[in-house]
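Data block for final_1.csv (CSV, C-alpha atoms):
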```
chain,number,residue,atom,x,y,z
A,1,MET,CA,91.9,120.5,70.3
A,2,THR,CA,94.2,120.4,73.4
A,3,SER,CA,92.3,121.2,76.6
A,4,PHE,CA,93.4,123.0,79.7
A,5,GLU,CA,92.8,119.9,81.8
A,6,PHE,CA,95.0,117.8,79.5
A,7,VAL,CA,97.8,120.4,79.8
A,8,PHE,CA,97.4,120.6,83.5
A,9,ILE,CA,97.6,116.9,84.1
A,10,LEU,CA,100.7,116.6,81.9
A,11,HIS,CA,102.5,119.3,83.8
A,12,LEU,CA,101.5,117.7,87.1
A,13,MET,CA,102.8,114.3,86.0
A,14,LYS,CA,106.1,115.9,84.8
A,15,GLU,CA,106.5,117.5,88.3
A,16,ILE,CA,105.9,114.2,90.1
A,17,THR,CA,108.1,112.2,87.7
A,18,GLU,CA,111.0,114.6,88.1
A,19,VAL,CA,110.9,114.2,91.9
A,20,SER,CA,110.6,110.4,91.8
A,21,CYS,CA,112.9,109.6,88.8
A,22,ILE,CA,116.2,109.3,90.7
A,23,LEU,CA,114.6,106.8,93.1
A,24,CYS,CA,113.1,104.8,90.3
A,25,GLN,CA,116.4,104.6,88.4
A,26,HIS,CA,118.2,103.6,91.6
A,27,LEU,CA,115.8,100.8,92.4
A,28,GLN,CA,116.2,99.3,89.0
A,29,CYS,CA,120.0,99.0,89.4
A,30,LYS,CA,121.2,95.4,89.6
A,31,SER,CA,123.7,96.3,92.3
A,32,GLN,CA,121.8,97.9,95.2
A,33,ASP,CA,123.2,100.3,97.8
A,34,ILE,CA,120.4,99.7,100.3
A,35,LEU,CA,121.3,102.5,102.6
A,36,ASN,CA,121.5,105.0,99.8
A,37,ALA,CA,118.2,103.7,98.5
A,38,MET,CA,116.5,104.3,101.8
A,39,HIS,CA,117.8,107.8,102.0
A,40,LEU,CA,116.4,108.4,98.5
A,41,VAL,CA,113.0,107.0,99.6
A,42,ALA,CA,112.9,109.4,102.5
A,43,SER,CA,114.0,112.4,100.4
A,44,THR,CA,111.5,111.5,97.7
A,45,LYS,CA,108.7,111.3,100.2
A,46,SER,CA,109.6,114.7,101.6
A,47,LEU,CA,109.9,116.3,98.2
A,48,ILE,CA,106.6,115.0,97.0
A,49,GLN,CA,105.0,116.2,100.3
A,50,LYS,CA,106.6,119.6,99.7
A,51,LEU,CA,105.1,119.6,96.2
A,52,ARG,CA,101.7,119.0,97.7
A,53,ASP,CA,102.1,121.7,100.4
A,54,GLU,CA,103.8,124.4,98.4
A,55,GLY,CA,103.7,123.5,94.7
A,56,TRP,CA,100.3,124.5,93.5
A,57,ASP,CA,100.9,128.2,92.7
A,58,SER,CA,104.1,127.6,90.7
A,59,LEU,CA,102.5,124.7,88.8
A,60,PHE,CA,99.4,126.7,88.0
A,61,GLU,CA,101.6,129.6,86.7
A,62,LYS,CA,103.6,127.2,84.5
A,63,VAL,CA,100.4,125.8,83.0
A,64,LYS,CA,99.0,129.3,82.4
A,65,LEU,CA,102.2,130.4,80.6
A,66,PHE,CA,102.1,127.2,78.5
A,67,CYS,CA,98.5,127.8,77.6
A,68,ALA,CA,99.1,131.4,76.7
A,69,LYS,CA,102.0,130.4,74.4
A,70,HIS,CA,99.9,127.8,72.6
A,71,ASP,CA,96.6,129.7,72.5
A,72,ILE,CA,94.8,127.3,74.9
A,73,GLU,CA,92.0,128.8,76.8
A,74,VAL,CA,92.4,129.0,80.6
A,75,PRO,CA,89.1,128.6,82.5
A,76,ILE,CA,88.0,131.0,85.3
A,77,MET,CA,89.0,129.1,88.4
A,78,SER,CA,86.2,130.6,90.5
A,79,ALA,CA,83.5,129.3,88.1
A,80,PRO,CA,81.5,126.3,89.2
A,81,TYR,CA,82.8,122.9,88.2
A,82,VAL,CA,80.5,121.0,85.9
A,83,GLY,CA,81.0,117.3,86.0
A,84,ARG,CA,80.7,114.8,83.2
A,85,GLY,CA,76.9,114.7,83.6
A,86,GLY,CA,76.8,118.4,82.6
A,87,ARG,CA,75.2,119.7,85.8
A,88,ALA,CA,76.9,122.4,87.8
A,89,ARG,CA,77.8,121.0,91.2
A,90,LEU,CA,78.0,124.5,92.6
A,91,GLN,CA,74.3,124.4,93.4
A,92,ARG,CA,74.8,121.3,95.6
A,93,ASP,CA,78.2,121.6,97.3
A,94,HIS,CA,79.9,124.8,96.0
A,95,ILE,CA,82.6,123.0,94.1
A,96,THR,CA,84.6,125.4,91.9
A,97,LEU,CA,87.0,124.7,89.1
A,98,GLU,CA,89.9,125.6,91.4
A,99,HIS,CA,88.7,123.0,93.9
A,100,HIS,CA,88.5,120.4,91.1
A,101,TYR,CA,92.0,121.1,89.8
A,102,ARG,CA,93.6,121.6,93.2
A,103,VAL,CA,91.9,119.1,95.4
A,104,ASP,CA,90.6,116.4,93.0
A,105,ILE,CA,93.5,116.3,90.6
A,106,PHE,CA,96.6,118.0,92.1
A,107,ASN,CA,96.2,116.7,95.7
A,108,GLY,CA,94.6,113.5,94.5
A,109,ALA,CA,97.5,112.5,92.2
A,110,ILE,CA,100.1,113.4,94.8
A,111,ASP,CA,98.3,111.6,97.6
A,112,CYS,CA,98.2,108.5,95.4
A,113,GLN,CA,102.0,108.7,94.9
A,114,LEU,CA,102.6,109.2,98.6
A,115,GLN,CA,100.3,106.3,99.5
A,116,GLU,CA,102.2,104.0,97.1
A,117,LEU,CA,105.5,105.0,98.6
A,118,ASN,CA,104.2,104.6,102.1
A,119,THR,CA,102.8,101.2,101.3
A,120,ARG,CA,105.9,99.9,99.7
A,121,PHE,CA,108.3,101.6,102.1
A,122,SER,CA,106.8,101.9,105.5
A,123,ASP,CA,108.8,103.4,108.4
A,124,ASN,CA,109.3,99.9,109.8
A,125,MET,CA,110.5,98.6,106.5
A,126,ILE,CA,112.9,101.5,106.0
A,127,GLU,CA,114.3,100.9,109.5
A,128,LEU,CA,114.7,97.2,108.9
A,129,LEU,CA,116.6,97.7,105.7
A,130,THR,CA,118.7,100.4,107.2
A,131,LEU,CA,119.7,98.3,110.1
A,132,SER,CA,120.3,95.4,107.8
A,133,CYS,CA,123.0,97.4,106.0
A,134,ALA,CA,125.2,96.8,109.1
A,135,LEU,CA,125.6,93.3,107.8
A,136,ASP,CA,126.7,94.3,104.3
A,137,PRO,CA,130.3,93.1,103.8
A,138,LYS,CA,131.0,95.4,100.8
A,139,ASP,CA,134.0,97.7,100.9
A,140,GLY,CA,135.7,95.9,103.7
A,141,CYS,CA,132.6,95.8,105.9
A,142,LYS,CA,132.7,99.6,106.2
A,143,SER,CA,129.0,99.5,107.1
A,144,PHE,CA,129.5,97.0,109.9
A,145,ASN,CA,127.9,98.3,113.1
A,146,ILE,CA,127.5,96.2,116.2
A,147,ASP,CA,124.9,98.4,117.8
A,148,ASP,CA,122.7,98.3,114.7
A,149,ILE,CA,123.0,94.5,114.4
A,150,CYS,CA,122.0,94.1,118.0
A,151,ASN,CA,119.1,96.4,117.6
A,152,LEU,CA,118.1,94.5,114.5
A,153,ALA,CA,118.0,91.3,116.4
A,154,LYS,CA,116.1,92.8,119.3
A,155,ARG,CA,113.5,94.7,117.3
A,156,TYR,CA,112.8,92.4,114.4
A,157,TYR,CA,113.8,88.9,115.5
A,158,PRO,CA,112.7,88.7,119.1
A,159,GLN,CA,111.5,85.1,118.7
A,160,ASP,CA,114.8,83.9,117.2
A,161,PHE,CA,117.1,85.0,120.0
A,162,THR,CA,116.8,84.4,123.7
A,163,GLU,CA,117.8,87.1,126.1
A,164,PHE,CA,121.0,85.2,126.8
A,165,GLU,CA,121.8,84.9,123.1
A,166,ARG,CA,121.2,88.6,122.6
A,167,GLU,CA,123.7,89.4,125.3
A,168,GLY,CA,126.2,87.0,123.8
A,169,LEU,CA,125.7,88.4,120.3
A,170,ARG,CA,127.5,91.6,121.0
A,171,ILE,CA,130.6,89.7,122.1
A,172,GLU,CA,130.5,87.4,119.1
A,173,LEU,CA,130.2,90.5,116.8
A,174,ARG,CA,133.3,91.9,118.4
A,175,HIS,CA,135.2,88.7,117.6
A,176,TYR,CA,133.9,88.9,114.0
A,177,GLU,CA,135.0,92.6,113.8
A,178,PHE,CA,138.5,91.4,114.8
A,179,GLU,CA,138.4,88.6,112.2
A,180,ILE,CA,137.7,91.0,109.4
A,181,SER,CA,141.0,92.8,110.0
A,182,ARG,CA,142.9,89.4,110.0
A,183,HIS,CA,141.4,87.8,106.8
A,184,SER,CA,141.8,89.6,103.5
A,185,ASP,CA,139.2,87.3,101.9
A,186,LEU,CA,136.6,88.7,104.2
A,187,GLN,CA,137.5,92.2,103.1
A,188,LYS,CA,136.8,91.3,99.4
A,189,LEU,CA,133.3,90.1,99.9
A,190,ALA,CA,130.5,92.1,98.2
A,191,THR,CA,127.2,90.5,99.3
A,192,ILE,CA,125.7,88.9,102.4
A,193,TYR,CA,125.3,85.7,100.4
A,194,GLU,CA,129.0,85.6,99.8
A,195,LEU,CA,129.7,86.3,103.5
A,196,CYS,CA,127.5,83.3,104.5
A,197,GLN,CA,129.2,81.1,101.9
A,198,CYS,CA,132.6,82.1,103.1
A,199,PHE,CA,131.8,81.3,106.7
A,200,ASN,CA,130.2,77.9,105.8
A,201,CYS,CA,133.3,76.9,103.9
A,202,ASN,CA,136.1,78.3,106.0
A,203,TYR,CA,135.2,79.5,109.5
```

Whole structure given in structure tokens:
Amino acid sequence: MTSFEFVFILHLMKEITEVSCILCQHLQCKSQDILNAMHLVASTKSLIQKLRDEGWDSLFEKVKLFCAKHDIEVPIMSAPYVGRGGRARLQRDHITLEHHYRVDIFNGAIDCQLQELNTRFSDNMIELLTLSCALDPKDGCKSFNIDDICNLAKRYYPQDFTEFEREGLRIELRHYEFEISRHSDLQKLATIYELCQCFNCNY
């Protein structure tokens, strides 16, 4: 017989999956738009956090409606939660069924998702990848941004550039920006690897 807890967890997983599905699909694409991916990471984090902060009531109502439709008993949320050992925890720490479902399961599952996203996509990682997009030659180097590249060198590669080299970098990038308009082959490049190969061979 299907239990309320089983139904609740399925509905919760459905809510989380719907929020993260677009990001997951995008990250599996062979051709990555890094900037768009970083925007999706940020929006996914925000939406999952919003689900945690504001989504309990609507989720619980959906679960109750589903249970009513399929004759599944909905427990009284104010009742004490009885763990697997069969002993009511209410006598010890006043844990109710609502606390179990809302804190242990609902918040716990969402916090796990947020922790995974924050681990894989920290703020520094997102900034690094976003700034790196300024090097992307795709679409005629439309993402090229001198300020972002200089900031990238200063913040993430301080040991690779002397102060003098960082000052000269901006001038070199201005020359490169001019070269883009003069060479049609530069405007046809699609990846940073192709850009490096092009410069090694021709410039």

If you count only C-alpha atoms, which residues fall within 10 Å of Met77 of chain A, apart from same-chain ones fewer than 6 positions away, as a PyMOL selection string? chain A and resi 96-101

Grab the atom CA of Asp160 of chain A to atom CA of Asp147 of chain A distance for me, in Å with one decimal place. 17.7 Å

Atom pair atom CA of Ile22 of chain A / atom CA of Phe6 of chain A: separation (Å):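 Atom-to-atom, atom CA of Ile22 of chain A and atom CA of Phe6 of chain A are spaced 25.4 Å apart.
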
Using all atoms listed in the file, determine which residues lie at most 12 Å from Gly55 of chain A, disregarding the query and same-chain residues fewer than 3 positions distant; provide the list as a count of residues only. 19

Between atom CA of Ala153 of chain A and atom CA of Ser181 of chain A, what distance in Å does the model show, to one decimal? 23.9 Å

So which one's closest to Tyr156 of chain A, A:Asn124, A:Gln28, A:Ser20, A:Ser143? Using all atoms listed in the file, please.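 Checking each candidate against Tyr156 of chain A, we get A:Asn124 as the closest.
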
Let me make sure I understand: among A:Ser78, A:Ser3, A:Thr130, A:Gln113, which one has the smallest atom-to-atom distance to Thr44 of chain A if we use all atoms listed in the file?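 Looking only at the distances to Thr44 of chain A, the closest residue turns out to be A:Gln113.
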
For a quick check of understanding, using only C-alpha atoms, which of A:Asp111, A:Glu194, A:Glu116, A:Tyr157 has the smallest distance to Asp53 of chain A?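 That would be A:Asp111, the residue with the smallest distance to Asp53 of chain A.
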